[in-house]
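A.B. asks: Please find my_file.cif (mmCIF, C-alpha atoms) on the next line:
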data_query
loop_
_atom_site.label_atom_id
_atom_site.label_comp_id
_atom_site.auth_asym_id
_atom_site.auth_seq_id
_atom_site.Cartn_x
_atom_site.Cartn_y
_atom_site.Cartn_z
CA MET A 383 -49.68 -30.42 33.90
CA ASN A 384 -49.46 -33.59 31.80
CA ARG A 385 -50.94 -33.02 28.40
CA ARG A 386 -50.43 -35.33 25.45
CA CYS A 387 -50.84 -34.50 21.77
CA CYS A 388 -49.42 -35.55 18.47
CA GLY A 389 -46.79 -37.79 20.09
CA TRP A 390 -45.64 -35.04 22.48
CA THR A 391 -46.26 -34.88 26.23
CA ILE A 392 -45.87 -31.74 28.28
CA LEU A 393 -44.27 -33.06 31.44
CA ARG A 394 -43.85 -29.80 33.25
CA ALA A 395 -44.85 -26.24 32.57
CA ALA A 396 -44.68 -23.11 34.64
CA ARG A 397 -47.65 -22.83 36.94
CA PHE A 398 -49.33 -19.80 35.43
CA GLY A 399 -49.69 -18.41 31.98
CA VAL A 400 -48.44 -21.18 29.72
CA THR A 401 -51.17 -22.39 27.38
CA THR A 402 -51.31 -25.34 25.02
CA ALA A 403 -53.44 -26.10 22.02
CA THR A 404 -53.54 -28.39 19.04
CA ALA A 405 -54.20 -27.26 15.52
CA PRO A 406 -53.75 -28.46 11.98
CA VAL A 407 -50.19 -27.93 10.82
CA GLU A 408 -49.86 -24.61 9.01
CA ILE A 409 -46.73 -23.48 7.22
CA GLY A 410 -46.93 -19.72 7.84
CA GLY A 411 -43.53 -18.54 6.67
CA TYR A 412 -41.83 -21.81 7.58
CA LEU A 413 -39.39 -23.04 4.94
CA ALA A 414 -38.55 -26.72 5.19
CA ALA A 415 -34.83 -27.25 4.69
CA ASP A 416 -34.85 -30.81 3.42
CA ARG A 417 -36.95 -33.80 2.37
CA ILE A 418 -37.44 -35.09 5.94
CA SER A 419 -38.77 -31.73 7.13
CA VAL A 420 -41.15 -31.59 4.17
CA ALA A 421 -42.36 -35.12 5.04
CA ALA A 422 -42.86 -34.16 8.69
CA LEU A 423 -44.89 -31.10 7.72
CA THR A 424 -46.90 -33.12 5.21
CA HIS A 425 -47.61 -36.18 7.36
CA ALA A 426 -48.09 -34.56 10.78
CA LYS A 427 -51.82 -33.90 10.87
CA ARG A 428 -51.81 -31.75 14.00
CA ALA A 429 -49.30 -29.57 15.81
CA LEU A 430 -48.81 -29.08 19.52
CA ILE A 431 -48.64 -25.36 20.26
CA VAL A 432 -47.15 -24.09 23.52
CA GLU A 433 -47.54 -20.36 24.16
CA VAL A 434 -45.84 -18.20 26.76
CA PRO A 435 -47.74 -14.91 27.25
CA LYS A 436 -46.47 -11.35 27.06
CA ASN A 437 -44.34 -10.26 30.06
CA PHE A 438 -44.18 -13.84 31.40
CA SER A 439 -41.06 -14.78 33.34
CA SER A 440 -40.15 -18.09 34.94
CA ASP A 441 -36.97 -19.83 36.05
CA GLU A 442 -38.79 -23.18 35.88
CA PRO A 443 -38.27 -24.81 32.45
CA ILE A 444 -41.16 -25.94 30.32
CA VAL A 445 -40.41 -29.61 29.64
CA ILE A 446 -41.88 -31.30 26.56
CA ALA A 447 -41.15 -34.96 25.84
CA LEU A 448 -41.43 -37.28 22.88
CA ASP A 449 -41.19 -40.97 23.72
CA GLY A 450 -40.73 -42.61 20.32
CA THR A 451 -42.47 -45.86 19.45
CA ALA A 452 -41.59 -48.52 16.87
CA GLY A 453 -42.21 -47.59 13.27
CA VAL A 454 -42.12 -44.26 11.45
CA THR A 455 -43.86 -41.21 12.94
CA TYR A 456 -43.98 -37.49 12.19
CA SER A 457 -44.72 -34.51 14.40
CA HIS A 458 -44.79 -30.75 14.53
CA LEU A 459 -44.19 -28.64 17.64
CA ARG A 460 -44.73 -24.86 17.70
CA LEU A 461 -43.37 -22.79 20.61
CA VAL A 462 -44.41 -19.15 20.88
CA ALA A 463 -42.88 -16.59 23.25
CA GLY A 464 -44.82 -13.36 23.80
CA LYS A 465 -43.30 -9.90 23.97
CA TYR A 466 -40.79 -9.37 26.77
CA SER A 467 -41.18 -12.92 28.05
CA LYS A 468 -38.39 -14.97 29.61
CA ALA A 469 -38.61 -18.76 29.52
CA SER A 470 -36.72 -21.99 28.92
CA PHE A 471 -38.01 -24.91 26.86
CA VAL A 472 -36.51 -28.39 27.26
CA VAL A 473 -37.50 -30.79 24.47
CA ASP A 474 -36.55 -34.36 25.41
CA THR A 475 -36.71 -37.22 22.89
CA THR A 476 -36.42 -40.81 24.10
CA GLY A 477 -37.62 -44.24 23.01
CA THR A 478 -37.30 -46.12 19.75
CA GLY A 479 -38.41 -45.91 16.11
CA THR A 480 -37.87 -43.39 13.35
CA HIS A 481 -39.22 -39.92 13.88
CA GLY A 482 -39.38 -36.94 11.52
CA VAL A 483 -39.85 -33.74 13.49
CA THR A 484 -40.31 -30.07 12.79
CA LEU A 485 -40.08 -27.55 15.59
CA GLU A 486 -40.85 -23.86 15.23
CA LEU A 487 -39.86 -21.32 17.87
CA ALA A 488 -41.34 -17.85 17.37
CA THR A 489 -40.02 -15.16 19.70
CA GLU A 490 -41.74 -11.81 19.81
CA ASP A 491 -40.01 -8.49 20.48
CA GLY A 492 -37.78 -8.30 23.54
CA SER A 493 -38.18 -11.94 24.60
CA ASN A 494 -35.33 -13.97 26.09
CA ILE A 495 -35.68 -17.68 25.34
CA THR A 496 -33.53 -20.76 25.88
CA LEU A 497 -34.36 -23.87 23.84
CA ILE A 498 -32.61 -27.11 24.81
CA GLN A 499 -33.14 -30.21 22.66
CA ILE A 500 -32.02 -33.46 24.32
CA ALA A 501 -31.82 -36.60 22.18
CA ASP A 502 -31.52 -39.65 24.41
CA GLY A 503 -33.15 -42.45 22.44
CA ASP A 504 -32.59 -46.18 22.40
CA ARG A 505 -29.83 -47.57 20.18
CA ASP A 506 -32.21 -47.97 17.23
CA GLN A 507 -33.92 -44.56 17.41
CA VAL A 508 -33.60 -42.17 14.47
CA ILE A 509 -34.56 -38.51 14.94
CA ALA A 510 -34.33 -36.24 11.92
CA GLY A 511 -35.84 -32.91 11.05
CA GLN A 512 -35.59 -29.18 11.48
CA HIS A 513 -35.74 -26.49 14.13
CA HIS A 514 -36.78 -23.12 12.71
CA VAL A 515 -36.28 -20.09 14.97
CA ARG A 516 -37.93 -16.72 14.32
CA VAL A 517 -36.20 -13.99 16.33
CA GLY A 518 -38.18 -10.83 17.07
CA ARG A 519 -36.84 -7.31 17.44
CA ASP A 520 -34.35 -7.13 20.34
CA ALA A 521 -35.12 -10.76 21.23
CA THR A 522 -32.45 -13.27 22.23
CA VAL A 523 -32.43 -17.02 21.77
CA GLN A 524 -30.00 -19.58 23.08
CA HIS A 525 -30.44 -22.85 21.17
CA ILE A 526 -28.66 -25.96 22.47
CA VAL A 527 -28.77 -29.51 21.07
CA VAL A 528 -27.47 -32.33 23.27
CA THR A 529 -27.15 -35.85 21.84
CA LEU A 530 -26.81 -38.59 24.44
CA GLY A 531 -28.28 -41.58 22.61
CA GLY A 532 -30.01 -42.88 19.53
CA ASP A 533 -28.65 -44.40 16.34
CA VAL A 534 -28.92 -41.26 14.21
CA VAL A 535 -29.79 -37.73 15.33
CA ARG A 536 -29.81 -35.07 12.62
CA LEU A 537 -31.43 -31.72 13.23
CA VAL A 538 -31.01 -28.76 10.90
CA THR A 539 -31.41 -25.36 12.55
CA SER A 540 -32.48 -22.30 10.59
CA ALA A 541 -33.08 -18.76 11.83
CA GLN A 542 -35.12 -15.84 10.58
CA PHE A 543 -34.82 -12.33 12.00
CA ASP A 544 -38.05 -10.35 12.18
CA GLY A 545 -36.50 -7.08 13.37
CA PRO A 546 -33.23 -5.38 14.26
CA GLY A 547 -31.33 -6.09 17.46
CA GLY A 548 -32.23 -9.78 17.70
CA GLY A 549 -29.65 -12.48 18.29
CA ILE A 550 -29.29 -16.24 18.42
CA ASP A 551 -26.54 -18.40 19.91
CA ALA A 552 -26.81 -21.91 18.45
CA LEU A 553 -24.69 -24.56 20.13
#
Would you mind writing the structure in this file as C-alpha cells?
C.D. replies:
Amino acid sequence: MNRRCCGWTILRAARFGVTTATAPVEIGGYLAADRISVAALTHAKRALIVEVPKNFSSDEPIVIALDGTAGVTYSHLRLVAGKYSKASFVVDTTGTGTHGVTLELATEDGSNITLIQIADGDRDQVIAGQHHVRVGRDATVQHIVVTLGGDVVRLVTSAQFDGPGGGIDAL
C-alpha cells in the first residue's frame, strides 16, 4: 500500500484492517504547545488519518514517511488505535527543508501501541512540532524518538489520559 497525502506517504501497512483517509484538520481536544504547533495546525489544510480497527493485532509495523522538500511546509498526521488493538507505527522523516508537524495518536481502551519517530533528514532539514498522545482506559503507549540527522529536530510530546489504568513510556 503506497498512499500519499499532505506530504506523507504510507510505505507499508498491515495487510488487513488498516484504513486511511484525508480530512480537513480539526482540533478536537488537541492543545498546541507552542507557536510552531499552532502554525502547523493553522497552515496544514488536510490531515492524513490512519486508523487501526478494534481487536486488530499485527507484528508488522505501519510505516509512514515524510520526505521533506525545500522551503517551508506544514502537516498534520492523526493515528487512531481501536479498542484492544495492538500495533506499531514508524514515522520516518527524511529530506530537506523546514517542516512544522503535528501528530496526534489516539488510543482507545485496552490498546497497546508503539510509536517510533525517526528523524533522519539532510544536514539542512528542520523538523519542529508536537506529538500529542491520548491514552485510553487501560491502554499502553511506548513513544520513542530517534534523531539520526537533520540540522534541528525539536518535537514536544504531550499526553492526555482518557481513563484510569493507562500508561505511557516516552523515550
A.B. asks: My list of candidates is A:Ala415, A:Val472, A:Val535, A:Leu530. Which is closest to A:His513 when distances are computed with all atoms listed in the file?
C.D. replies: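 Once distances to A:His513 are computed over all atoms listed in the file, the minimum belongs to A:Ala415.
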A.B. asks: Check what the PyMOL selection byres ((chain A and resi 448) around 9) selects in the file above and give those residues as a list in words.
C.D. replies: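 Expected selection for the PyMOL selection byres ((chain A and resi 448) around 9) here is Gly389, Trp390, Thr391, Ile392, Ile446, Ala447, Asp449, Gly450, Val473, Asp474, Thr475, Thr476 and Gly477 of chain A.
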A.B. asks: For this structure, which residues satisfy the selection - the PyMOL selection byres ((chain A and resi 453) around 9) - when it is evaluated on the file as given? I want them as a list in words.
C.D. replies: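 Written out, the selection comes to Gly450, Thr451, Ala452, Val454, Thr455, Thr478, Gly479, Thr480 and His481 of chain A.
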A.B. asks: Pick out the closest residue to A:Val517 from this set: A:Ile500, A:Ala488, A:Val432, A:Leu423. Count only C-alpha atoms.
C.D. replies: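 Under the stated criterion, the closest residue is A:Ala488.
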A.B. asks: For the PyMOL selection byres ((chain A and resi 529) around 12), applied here, can you spell out every residue it catches as a ChimeraX atom specification?
C.D. replies: /A:473-476,498-504,507-509,526-528,530-537,553
A.B. asks: Please, could you write that set of residues out with C-alpha atoms as a PDB file, in the frame of the given file?
C.D. replies:
ATOM      1  CA  VAL A 473     -37.500 -30.790  24.470  1.00  0.00           C
ATOM      2  CA  ASP A 474     -36.550 -34.360  25.410  1.00  0.00           C
ATOM      3  CA  THR A 475     -36.710 -37.220  22.890  1.00  0.00           C
ATOM      4  CA  THR A 476     -36.420 -40.810  24.100  1.00  0.00           C
ATOM      5  CA  ILE A 498     -32.610 -27.110  24.810  1.00  0.00           C
ATOM      6  CA  GLN A 499     -33.140 -30.210  22.660  1.00  0.00           C
ATOM      7  CA  ILE A 500     -32.020 -33.460  24.320  1.00  0.00           C
ATOM      8  CA  ALA A 501     -31.820 -36.600  22.180  1.00  0.00           C
ATOM      9  CA  ASP A 502     -31.520 -39.650  24.410  1.00  0.00           C
ATOM     10  CA  GLY A 503     -33.150 -42.450  22.440  1.00  0.00           C
ATOM     11  CA  ASP A 504     -32.590 -46.180  22.400  1.00  0.00           C
ATOM     12  CA  GLN A 507     -33.920 -44.560  17.410  1.00  0.00           C
ATOM     13  CA  VAL A 508     -33.600 -42.170  14.470  1.00  0.00           C
ATOM     14  CA  ILE A 509     -34.560 -38.510  14.940  1.00  0.00           C
ATOM     15  CA  ILE A 526     -28.660 -25.960  22.470  1.00  0.00           C
ATOM     16  CA  VAL A 527     -28.770 -29.510  21.070  1.00  0.00           C
ATOM     17  CA  VAL A 528     -27.470 -32.330  23.270  1.00  0.00           C
ATOM     18  CA  LEU A 530     -26.810 -38.590  24.440  1.00  0.00           C
ATOM     19  CA  GLY A 531     -28.280 -41.580  22.610  1.00  0.00           C
ATOM     20  CA  GLY A 532     -30.010 -42.880  19.530  1.00  0.00           C
ATOM     21  CA  ASP A 533     -28.650 -44.400  16.340  1.00  0.00           C
ATOM     22  CA  VAL A 534     -28.920 -41.260  14.210  1.00  0.00           C
ATOM     23  CA  VAL A 535     -29.790 -37.730  15.330  1.00  0.00           C
ATOM     24  CA  ARG A 536     -29.810 -35.070  12.620  1.00  0.00           C
ATOM     25  CA  LEU A 537     -31.430 -31.720  13.230  1.00  0.00           C
ATOM     26  CA  LEU A 553     -24.690 -24.560  20.130  1.00  0.00           C
TER      27      LEU A 553
END
A.B. asks: Distance atom CA of A:Leu497-atom CA of A:Leu461, one decimal place?
C.D. replies: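 Computing it gives 9.6 Å between the two atoms.
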A.B. asks: Have a look at atom CA of A:Ser440 and atom CA of A:Ser467 and let me know their distance in Å, one decimal.
C.D. replies: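 We find that atom CA of A:Ser440 and atom CA of A:Ser467 lie 8.7 Å from each other.
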A.B. asks: Select, from A:Gly518, A:Val445, A:Ala421, A:Pro435, the residue with the minimum atom-to-atom distance to A:Val400, counting only C-alpha atoms.
C.D. replies: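 Closest to A:Val400 of all the choices is A:Pro435.
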A.B. asks: Would you list the residues near (-36.0, -16.0, 23.4), meaning any protein, DNA or RNA residue with an atom at most 6 Å from that point in file coordinates, counting all atoms listed in the file, as a ChimeraX atom specification?
C.D. replies: /A:489,493-496,521-523
A.B. asks: Is it possible to dump stretch 476-487 of chain A as a compact mmCIF listing (two decimals), in the first residue's frame, including just all heavy atoms?
C.D. replies:
# COMPACT_ATOMS: atom_id res chain seq x y z
N THR A 476 12.64 12.29 6.38
CA THR A 476 13.91 12.42 5.65
C THR A 476 13.82 13.66 4.77
O THR A 476 12.80 14.34 4.73
CB THR A 476 14.17 11.19 4.77
OG1 THR A 476 13.09 11.04 3.85
CG2 THR A 476 14.32 9.92 5.60
N GLY A 477 14.87 13.94 4.04
CA GLY A 477 14.84 15.02 3.05
C GLY A 477 15.41 16.32 3.57
O GLY A 477 16.27 16.35 4.43
N THR A 478 14.87 17.41 3.04
CA THR A 478 15.42 18.74 3.28
C THR A 478 14.29 19.69 3.66
O THR A 478 13.14 19.28 3.79
CB THR A 478 16.15 19.23 2.01
OG1 THR A 478 16.84 20.43 2.30
CG2 THR A 478 15.22 19.40 0.83
N GLY A 479 14.58 20.96 3.83
CA GLY A 479 13.56 21.97 4.08
C GLY A 479 13.21 22.12 5.55
O GLY A 479 13.79 21.49 6.42
N THR A 480 12.24 22.98 5.79
CA THR A 480 11.75 23.27 7.13
C THR A 480 10.31 22.78 7.22
O THR A 480 9.49 23.13 6.38
CB THR A 480 11.81 24.78 7.42
OG1 THR A 480 13.18 25.20 7.32
CG2 THR A 480 11.29 25.10 8.80
N HIS A 481 10.05 21.95 8.22
CA HIS A 481 8.74 21.33 8.30
C HIS A 481 8.16 21.46 9.71
O HIS A 481 8.77 21.03 10.67
CB HIS A 481 8.85 19.86 7.90
CG HIS A 481 7.52 19.23 7.63
ND1 HIS A 481 6.77 19.53 6.53
CD2 HIS A 481 6.82 18.35 8.34
CE1 HIS A 481 5.65 18.84 6.56
NE2 HIS A 481 5.65 18.12 7.66
N GLY A 482 6.97 22.05 9.80
CA GLY A 482 6.22 22.11 11.04
C GLY A 482 5.21 20.97 11.04
O GLY A 482 4.44 20.82 10.09
N VAL A 483 5.23 20.15 12.06
CA VAL A 483 4.39 18.95 12.07
C VAL A 483 3.62 18.83 13.38
O VAL A 483 4.13 19.18 14.44
CB VAL A 483 5.25 17.69 11.84
CG1 VAL A 483 6.29 17.51 12.92
CG2 VAL A 483 4.40 16.45 11.72
N THR A 484 2.39 18.39 13.25
CA THR A 484 1.63 17.96 14.43
C THR A 484 1.20 16.53 14.19
O THR A 484 0.79 16.16 13.09
CB THR A 484 0.40 18.86 14.70
OG1 THR A 484 -0.39 18.94 13.52
CG2 THR A 484 0.82 20.24 15.14
N LEU A 485 1.34 15.72 15.21
CA LEU A 485 0.96 14.32 15.15
C LEU A 485 0.08 14.03 16.36
O LEU A 485 0.45 14.34 17.48
CB LEU A 485 2.20 13.44 15.17
CG LEU A 485 2.00 11.93 15.06
CD1 LEU A 485 3.20 11.30 14.38
CD2 LEU A 485 1.73 11.27 16.38
N GLU A 486 -1.08 13.46 16.11
CA GLU A 486 -1.97 13.04 17.19
C GLU A 486 -2.04 11.52 17.17
O GLU A 486 -2.24 10.92 16.12
CB GLU A 486 -3.39 13.55 16.96
CG GLU A 486 -3.58 15.02 17.12
CD GLU A 486 -5.03 15.40 16.88
OE1 GLU A 486 -5.84 15.25 17.81
OE2 GLU A 486 -5.34 15.80 15.75
N LEU A 487 -1.90 10.91 18.33
CA LEU A 487 -2.13 9.48 18.49
C LEU A 487 -3.24 9.31 19.50
O LEU A 487 -3.11 9.74 20.65
CB LEU A 487 -0.86 8.77 18.97
CG LEU A 487 -1.02 7.31 19.40
CD1 LEU A 487 -1.53 6.44 18.25
CD2 LEU A 487 0.28 6.76 19.97
